[in-house]
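Read the structure below first, then the notes.
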Amino acid sequence: MRILLAEDEKHLNENIKKILKKNSYVVDSFYDGEAALDAVYMADYDLCILDINMPKKDGLEVLTAMRADKKNTPVLLLTAYDSVEDRVKGLDSGANDYLCKPFAFEELLARIRALTRKDQTAGMNTYTFEDLTLNKDTMVAKRENVEVNLSTKELMVLELFMLNPGVVLSREKIENHIGNFDYDIASNVVDVYIRYLRKKIDDPFKVKYIHTIRGSGYVLKK
Amino acid sequence: MKERISIQKKIIDLEVGIVTLFLLILFLSLTFVSSLTLVNIEKKNLKSGVERAKKYLSVDNGSLIVDKNLKGSPDSVIVVIYNKNGEIVYGRMPEDFNINLFPNLTNDIVQQGKEKGITWYVYDSYFHLDNYDYVWVRGITTGVLLSNVMRFLFLLFAISLPVIVIVISATNFIFLRKFLNPIIEISAFAKSIVNGDDLTKRIKITDDMPEEGESVSTAINEMLESLKNSFENQKQFSANVSHELKTPLSVILSESEIALEDLKSVEKMLDSNDSGQGELNKEGKEIENDLKSSILLIKDEAVKMNKLISQLLVLVKSDNNTLVLKKEKINVSMLVDAICDEQEDIAHEKNIKINKDIEENIYMMTDETMLVRFFMNLISNAVKYGKNGGNVFVNLKKNGNGFKGYIKDDGIGMSKENLKNIWRRFYKVNQARENDELSFGLGLSFVQMISKKLGIRVDVESKLDEGTIFYYECS
């Protein structure tokens with residue numbers, strides 16, 4: 001799996017590269033947008049990780065140029081800005097995901113796995129777990145074919161669970177997934193969302209799907 | 001607040017006032033002039049009536065004969081004839097006529113008297129009738145003409161005034177509305193910009209816009225421009241702070257993670273190298289452990305600092321109004337209930353009982369993240385400052401389209417001095433006690449900020465050693 005990394009902060013660039021290599025990815029790293037854009041045409045990448053704030057060409061410009069040229073390589077944007085608008089702007093420009101700095105490497109690796117896996121399931125827009133479904137496009141969740149009314153944040157938590165069925169998710173991971181573009185929230189807020197989610201998708205039914213793993217986090221399983 | 005009066009109403013009021021005043025002056029002067037001339041006409045008429053009456057008098061065999069036609073005289077003048085001793089020999093006083101008003105017969109003078117709203121004019125003529133004696137001919141008339149004219153004038157005025165006022169108001173209303181329409185449209189447009197949060201919109205200046213409309217529009221557009229610029233600057237500031245602080249933090253975090261990874265390799269090396277140099281290895285492990293806890297501490301503090309920066313940025317954005325709320329339909333009852341459940345574990349450790357009194361199915365259009373934080377901070381505070389074995393009461397009830405209730409604890413409470421300061425940022429009632437926790441003293445600042453943003457009224461009462469109660473109300 002070959003990954004393009006463009007990040008102008010020297011240390012961060014090196015550290016990400018190191019971790020990715022350790023996880024057996026092939027990494028080409030660049031320190032500005034122009035070099036990264038040139039490289040996109042030189043090799044076939046499975047994923048591009050672009051920092052937004054870069055010299056010469058910023059991440060959004062690289063992304064826009066790529067999409068204009070019908071380069072559909074998945075793009076993960078990195079940014080130190082934390083406003084919702086920036087996130088929306090990034091996703092509107094054609095980014096596949098968005099990660100706010102600072103992030104834990106575990107989270108970065110999880111996103112990379114999800115993005116490269118998405119490729120195989122391209123065209124599939126509904127996650128399914130037993131009688132629970134979540135449509136990615138319409139963001140409508142259903143259990144036993146009955147729509148469950150969920151807020152944006154709850155849908156994001158559910159999406160994370162549906163992406164990782166049977167995987168124990170730590171509070172930090174969930175927090176990273178839902179919280180870091182707004183503002184980092186105290187970890188117990190995650191518990192509130194989980195409880196809230198449970199009340200809606202588990203409480204009315206006999207079989208419970210969301211389980212607490214004491215000391216580790218939560219898991220979606222039958 | 002004093003009710004505002006529209007320009008349109010002011011202009012109409014002014015015009016109606018002016019016209020009314022004008023009509024009033026017209027009426028008064030007309031009345032004055034006409035009364036002067038009419039009195040003269042009345043007097044003349046009276047005199048000529050008396051003179052004519054004289055012609056109806058004749059003498060036959062020494063006695064006075066009055067022609068019958070005198071009675072049917074078309075004049076409104078009533079004629080009474082006295083002999084020279086002042087005794088009536090012909091005619092009767094009209095009804096309502098009070099003779100005491102005119103006690104004396106006076107030759108060739110028109111007398112005037114008023115009683116019960118009727119003006120009487122009396123003219124006496126003393127003359128010698130041929131073959132007879134001196135007689136008095138008295139003519140009496142009321143100011144009929146004058147009062148009729150006056151009545152007519154008054155009627156005219158009473159009818160025309162409201163008609164004119166209505167006509168002026170209606171035409172003014174229609175035309176002023178038309179003239180003022182651009183201004184009304186401008187204000188509606190300005191309002192839509194404020195409500196829609198889109199500061200890039202501008203009022204279009206059209207050719208048919210009046211001069212005032214153009215100047216108002218230009219002023220508003222300029223204001224919007226500077227507002228937009230300062231808004232952009234504020235946003236840019238938050239973005240810069242975020243970027244400049246978070247980039248080094250992400251380096252610190254990534255370095256600590258890499259260092260921890262490296263330490264793992266070192267650990268492995270030390271473990272595999274267990275045979276042989278035992279002392280050295282032990283020392284190496286100790287150093288490795290020290291390094292590990294140092295790096296973990298660096299990492300934790302970096303995470304903590306990141307949270308602080310994020311929280312401060314939210315407060316800064318709220319201060320400069322660049323915070324964007326995401327409103328959706330939220331089940332508030334369920335949300336509060338979930339927060340109580342979440343706090344149950346911590347409460348249990350202190351033997352605190354959380355008593356819920358939550359009305360079900362309270363829905364509201366609001367920002368969920370903000371609302372979670374609002375209740376989370378209040379309820380976790382109640383648990384945090386509750387006493388061992390105490391109670392926390394969480395009350396939530398429907399309030400029209402909103403909700404209201406209170407969060408109450410019977411814990412340590414606060415002195416009046418502390419109560420004053422609780423909303424201040426970074427304020428901690430007990431500095432030493434809270435320093436070990438992941439608390440910056442921003443909890444209640446958030447509660448206050450969110451209450452402002454979401455329109456929740458919050459009141460607090462507290463007594464030292466008795467507990468604290470936070471009331472909230474949102475409609």
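Just remember, in the structure tokens the first chain shown is A, the second B, etc., residues are 1-based per chain, and ligands are 1-based in the order shown.
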> Residues of chain A within 7 Å of chain B, using only C-alpha atoms, as an MDAnalysis selection string?
Replying inline: chainID A and resid 11:12 15 80:81 101:103 183:184 191:192 195:196
How would the residues just picked look written out with C-alpha atoms as an mmCIF file, in the first residue's frame?
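part34.cif written:
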data_model
loop_
_atom_site.group_PDB
_atom_site.id
_atom_site.type_symbol
_atom_site.label_atom_id
_atom_site.label_comp_id
_atom_site.auth_asym_id
_atom_site.auth_seq_id
_atom_site.Cartn_x
_atom_site.Cartn_y
_atom_site.Cartn_z
ATOM 1 C CA HIS A 11 9.164 16.757 12.751
ATOM 2 C CA LEU A 12 5.575 15.811 12.306
ATOM 3 C CA ASN A 15 7.129 11.024 12.751
ATOM 4 C CA ALA A 80 -4.777 22.508 12.834
ATOM 5 C CA TYR A 81 -7.904 24.600 12.290
ATOM 6 C CA LYS A 101 -4.286 18.140 14.876
ATOM 7 C CA PRO A 102 -3.139 17.065 17.307
ATOM 8 C CA PHE A 103 -4.157 13.475 16.771
ATOM 9 C CA TYR A 183 -13.657 21.160 20.453
ATOM 10 C CA ASP A 184 -12.237 18.383 22.444
ATOM 11 C CA ASP A 191 -20.351 8.125 27.743
ATOM 12 C CA VAL A 192 -23.336 10.413 27.568
ATOM 13 C CA ARG A 195 -26.023 6.084 26.797
ATOM 14 C CA TYR A 196 -28.139 8.356 24.694
#
Pick out the residues sitting within 6 Å of range 117-121 of chain B, and hand them over as a short mmCIF file (atom, residue, chain, number, x, y, z; two decimals) with C-alpha atoms, in the first residue's frame; count only C-alpha atoms, and ignore anything fewer than 2 positions along from it in its own chain.
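As a result, around_0.cif now contains:
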data_model
loop_
_atom_site.label_atom_id
_atom_site.label_comp_id
_atom_site.auth_asym_id
_atom_site.auth_seq_id
_atom_site.Cartn_x
_atom_site.Cartn_y
_atom_site.Cartn_z
CA GLN B 111 -81.86 96.96 21.57
CA GLN B 112 -80.33 93.55 21.90
CA GLY B 113 -80.81 90.89 24.56
CA LYS B 114 -80.07 87.28 24.95
CA GLU B 115 -81.85 84.58 26.89
CA ILE B 140 -89.30 92.17 17.70
CA THR B 141 -87.17 89.69 15.95
CA THR B 142 -84.88 86.85 16.89
CA GLY B 143 -81.49 86.39 15.27
#
> Using only C-alpha atoms, which residues sit within 12 Å of Arg171 in chain A once same-chain residues fewer than 2 positions away are excluded, as a ChimeraX atom specification?
Replying inline: /A:107,157,160,168-169,173-179,185-194,212-219
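As for CA of Glu222 in chain B and CA of Ile203 in chain B, they are spaced 10.2 Å apart.
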> Counting only C-alpha atoms, what is within 9 Å of range 146-161 of chain B, bar same-chain residues fewer than 5 positions away, as JSON, numbers by chain?
Replying inline: {"B": [19, 20, 23, 24, 27, 30, 31, 34, 35, 38, 39, 42, 118, 119, 166]}
> Where in range 49-103 of chain B does DSSP assign strand (DSSP E), given as an MDAnalysis selection string?
Replying inline: chainID B and resid 57:60 63:66 78:83 88:90
If you count only C-alpha atoms, which residues fall within 10 Å of Val40 in chain A, apart from same-chain ones fewer than 4 positions away, as a compact mmCIF listing (two decimals) with C-alpha atoms, in the first residue's frame?
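Done, and the output landed in out-v3.txt:
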# COMPACT_ATOMS: atom_id res chain seq x y z
CA LEU A 4 1.62 10.09 -0.31
CA ALA A 35 5.96 18.83 -4.91
CA ALA A 36 3.07 16.71 -3.68
CA ASP A 44 -0.17 5.48 -8.33
CA TYR A 45 -1.04 6.09 -4.71
CA CYS A 48 -2.96 10.92 -0.06
CA VAL A 62 -3.74 20.25 -4.29
CA MET A 66 -6.43 16.48 -8.29
CA LYS A 71 -7.63 11.79 -9.88
CA THR A 73 -7.26 8.74 -5.00
>> My list of candidates is B:Lys356, B:Lys54, B:Lys428, B:Lys397. Which is closest to Leu444 in chain B when distances are computed with only C-alpha atoms?
In response: B:Lys428
> Neighbours of Ile78 in chain B within 10 Å (only C-alpha atoms; same-chain residues fewer than 3 positions away dropped), as a list in words?
Replying inline: Leu46, Gly49, Val50, Ala53, Leu70, Lys71, Ser73, Asp75, Gly91, Arg92, Met93, Pro94, Val122, Arg138, Gly139, Ile140, Thr141 and Thr142 of chain B
Can those selected residues be exported to a file as a tab-separated table (two decimals), in the first residue's frame so that it contains C-alpha atoms?
chain	number	residue	atom	x	y	z
B	46	LEU	CA	-86.08	95.05	11.82
B	49	GLY	CA	-90.26	95.95	9.19
B	50	VAL	CA	-91.29	98.55	11.69
B	53	ALA	CA	-95.88	98.22	9.79
B	70	LEU	CA	-99.83	93.13	8.94
B	71	LYS	CA	-99.99	89.73	10.57
B	73	SER	CA	-96.27	90.09	6.71
B	75	ASP	CA	-91.05	89.44	7.71
B	91	GLY	CA	-100.25	92.40	18.94
B	92	ARG	CA	-98.80	89.90	21.35
B	93	MET	CA	-95.38	89.26	22.60
B	94	PRO	CA	-93.93	86.12	21.10
B	122	VAL	CA	-86.08	95.05	19.60
B	138	ARG	CA	-92.24	97.90	18.54
B	139	GLY	CA	-90.63	95.38	16.20
B	140	ILE	CA	-89.30	92.17	17.70
B	141	THR	CA	-87.17	89.69	15.95
B	142	THR	CA	-84.88	86.85	16.89
>> as a PyMOL selection string, please: every residue in range 11-149 of chain A that DSSP puts in alpha helix (DSSP H).
In response: chain A and resi 11-22+33-42+59-68+84-92+105-118
Write out the residues from the selection above, keeping C-alpha atoms, as a compact mmCIF listing (two decimals), in the first residue's frame.
# COMPACT_ATOMS: atom_id res chain seq x y z
CA HIS A 11 9.16 16.76 12.75
CA LEU A 12 5.57 15.81 12.31
CA ASN A 13 6.27 14.73 8.73
CA GLU A 14 9.10 12.50 9.88
CA ASN A 15 7.13 11.02 12.75
CA ILE A 16 4.13 10.19 10.62
CA LYS A 17 6.40 8.64 8.04
CA LYS A 18 8.12 6.57 10.69
CA ILE A 19 4.86 5.24 12.11
CA LEU A 20 3.42 4.49 8.69
CA LYS A 21 6.53 2.62 7.67
CA LYS A 22 6.38 0.69 10.88
CA GLY A 33 1.94 21.26 -2.00
CA GLU A 34 3.61 21.79 -5.33
CA ALA A 35 5.96 18.83 -4.91
CA ALA A 36 3.07 16.71 -3.68
CA LEU A 37 0.92 17.58 -6.69
CA ASP A 38 3.78 16.72 -9.07
CA ALA A 39 4.21 13.39 -7.31
CA VAL A 40 0.53 12.51 -7.63
CA TYR A 41 1.07 12.21 -11.38
CA MET A 42 4.29 10.25 -11.09
CA GLY A 59 -3.73 21.11 0.77
CA LEU A 60 -7.09 22.30 -0.53
CA GLU A 61 -5.49 23.57 -3.75
CA VAL A 62 -3.74 20.25 -4.29
CA LEU A 63 -7.01 18.43 -3.63
CA THR A 64 -9.00 20.65 -5.99
CA ALA A 65 -6.39 20.25 -8.74
CA MET A 66 -6.43 16.48 -8.29
CA ARG A 67 -10.20 16.22 -8.44
CA ALA A 68 -10.30 18.55 -11.46
CA VAL A 84 -16.81 23.27 11.38
CA GLU A 85 -16.65 25.44 8.27
CA ASP A 86 -13.12 24.29 7.49
CA ARG A 87 -14.23 20.72 7.78
CA VAL A 88 -17.19 21.32 5.50
CA LYS A 89 -14.99 23.18 3.03
CA GLY A 90 -12.53 20.30 2.99
CA LEU A 91 -15.18 17.63 2.46
CA ASP A 92 -16.90 19.75 -0.18
CA PHE A 105 -1.34 7.86 15.71
CA GLU A 106 -3.83 5.15 16.56
CA GLU A 107 -6.58 7.39 15.23
CA LEU A 108 -4.60 8.20 12.08
CA LEU A 109 -4.01 4.52 11.41
CA ALA A 110 -7.70 3.73 11.97
CA ARG A 111 -8.69 6.40 9.45
CA ILE A 112 -6.17 5.10 6.93
CA ARG A 113 -7.51 1.58 7.33
CA ALA A 114 -11.08 2.80 6.88
CA LEU A 115 -10.20 4.87 3.82
CA THR A 116 -8.30 2.10 2.06
CA ARG A 117 -10.98 -0.42 2.95
CA LYS A 118 -13.70 1.92 1.64
>> Residues within 7 Å of range 5-8 of chain A, please, as a ChimeraX atom specification. Count only C-alpha atoms; anything in the same chain fewer than 4 positions from it doesn't count.
In response: /A:13,27-33,36,48-51,54
File dump, residues just selected, N, CA and C atoms, as a PDB file, in the first residue's frame:
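Final file, part_17.pdb:
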ATOM      1  N   ASN A  13       6.141  15.481   9.983  1.00  0.00           N
ATOM      2  CA  ASN A  13       6.274  14.734   8.735  1.00  0.00           C
ATOM      3  C   ASN A  13       7.099  13.465   8.979  1.00  0.00           C
ATOM      4  N   VAL A  27       5.779   4.913   2.013  1.00  0.00           N
ATOM      5  CA  VAL A  27       5.445   6.332   2.134  1.00  0.00           C
ATOM      6  C   VAL A  27       6.375   7.210   1.313  1.00  0.00           C
ATOM      7  N   ASP A  28       5.808   8.124   0.507  1.00  0.00           N
ATOM      8  CA  ASP A  28       6.587   9.183  -0.118  1.00  0.00           C
ATOM      9  C   ASP A  28       6.182  10.481   0.560  1.00  0.00           C
ATOM     10  N   SER A  29       7.152  11.150   1.171  1.00  0.00           N
ATOM     11  CA  SER A  29       6.750  12.351   1.902  1.00  0.00           C
ATOM     12  C   SER A  29       7.277  13.611   1.244  1.00  0.00           C
ATOM     13  N   PHE A  30       6.489  14.696   1.347  1.00  0.00           N
ATOM     14  CA  PHE A  30       6.827  15.990   0.746  1.00  0.00           C
ATOM     15  C   PHE A  30       6.558  17.096   1.756  1.00  0.00           C
ATOM     16  N   TYR A  31       7.225  18.252   1.511  1.00  0.00           N
ATOM     17  CA  TYR A  31       7.092  19.337   2.472  1.00  0.00           C
ATOM     18  C   TYR A  31       6.304  20.530   1.935  1.00  0.00           C
ATOM     19  N   ASP A  32       5.895  20.453   0.670  1.00  0.00           N
ATOM     20  CA  ASP A  32       5.029  21.523   0.157  1.00  0.00           C
ATOM     21  C   ASP A  32       4.045  20.951  -0.850  1.00  0.00           C
ATOM     22  N   GLY A  33       3.028  21.738  -1.153  1.00  0.00           N
ATOM     23  CA  GLY A  33       1.937  21.261  -1.997  1.00  0.00           C
ATOM     24  C   GLY A  33       2.332  21.033  -3.435  1.00  0.00           C
ATOM     25  N   ALA A  36       4.041  17.785  -3.875  1.00  0.00           N
ATOM     26  CA  ALA A  36       3.074  16.708  -3.678  1.00  0.00           C
ATOM     27  C   ALA A  36       2.225  16.525  -4.918  1.00  0.00           C
ATOM     28  N   CYS A  48      -3.742   9.696  -0.246  1.00  0.00           N
ATOM     29  CA  CYS A  48      -2.956  10.915  -0.057  1.00  0.00           C
ATOM     30  C   CYS A  48      -3.317  11.529   1.284  1.00  0.00           C
ATOM     31  N   ILE A  49      -2.302  11.814   2.079  1.00  0.00           N
ATOM     32  CA  ILE A  49      -2.526  12.534   3.328  1.00  0.00           C
ATOM     33  C   ILE A  49      -1.999  13.947   3.114  1.00  0.00           C
ATOM     34  N   LEU A  50      -2.904  14.927   3.113  1.00  0.00           N
ATOM     35  CA  LEU A  50      -2.498  16.300   2.824  1.00  0.00           C
ATOM     36  C   LEU A  50      -2.753  17.211   4.008  1.00  0.00           C
ATOM     37  N   ASP A  51      -1.707  17.947   4.387  1.00  0.00           N
ATOM     38  CA  ASP A  51      -1.898  18.980   5.390  1.00  0.00           C
ATOM     39  C   ASP A  51      -2.547  20.162   4.671  1.00  0.00           C
ATOM     40  N   MET A  54       0.093  24.610   3.904  1.00  0.00           N
ATOM     41  CA  MET A  54       1.433  24.271   3.385  1.00  0.00           C
ATOM     42  C   MET A  54       1.923  25.389   2.485  1.00  0.00           C
TER      43      MET A  54
END
> So how far away is CA of Asn381 in chain B from CA of Glu461 in chain B, in Å?
Replying inline: 14.1 Å
> So how many Å separate CA of Gly17 in chain B and CA of Ala170 in chain B, to one decimal?
Replying inline: 14.8 Å
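Compared by their closest atoms to Met370 in chain B, and using only C-alpha atoms, the residues B:Ile412, B:Lys353, B:Ser451, B:Gly390 rank with B:Ser451 nearest.
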>> Between B:Thr366, B:Ser445, B:Asn100, B:Asn83, which residue has the minimum interatomic distance to Val137 in chain B, considering only C-alpha atoms?
In response: B:Asn83
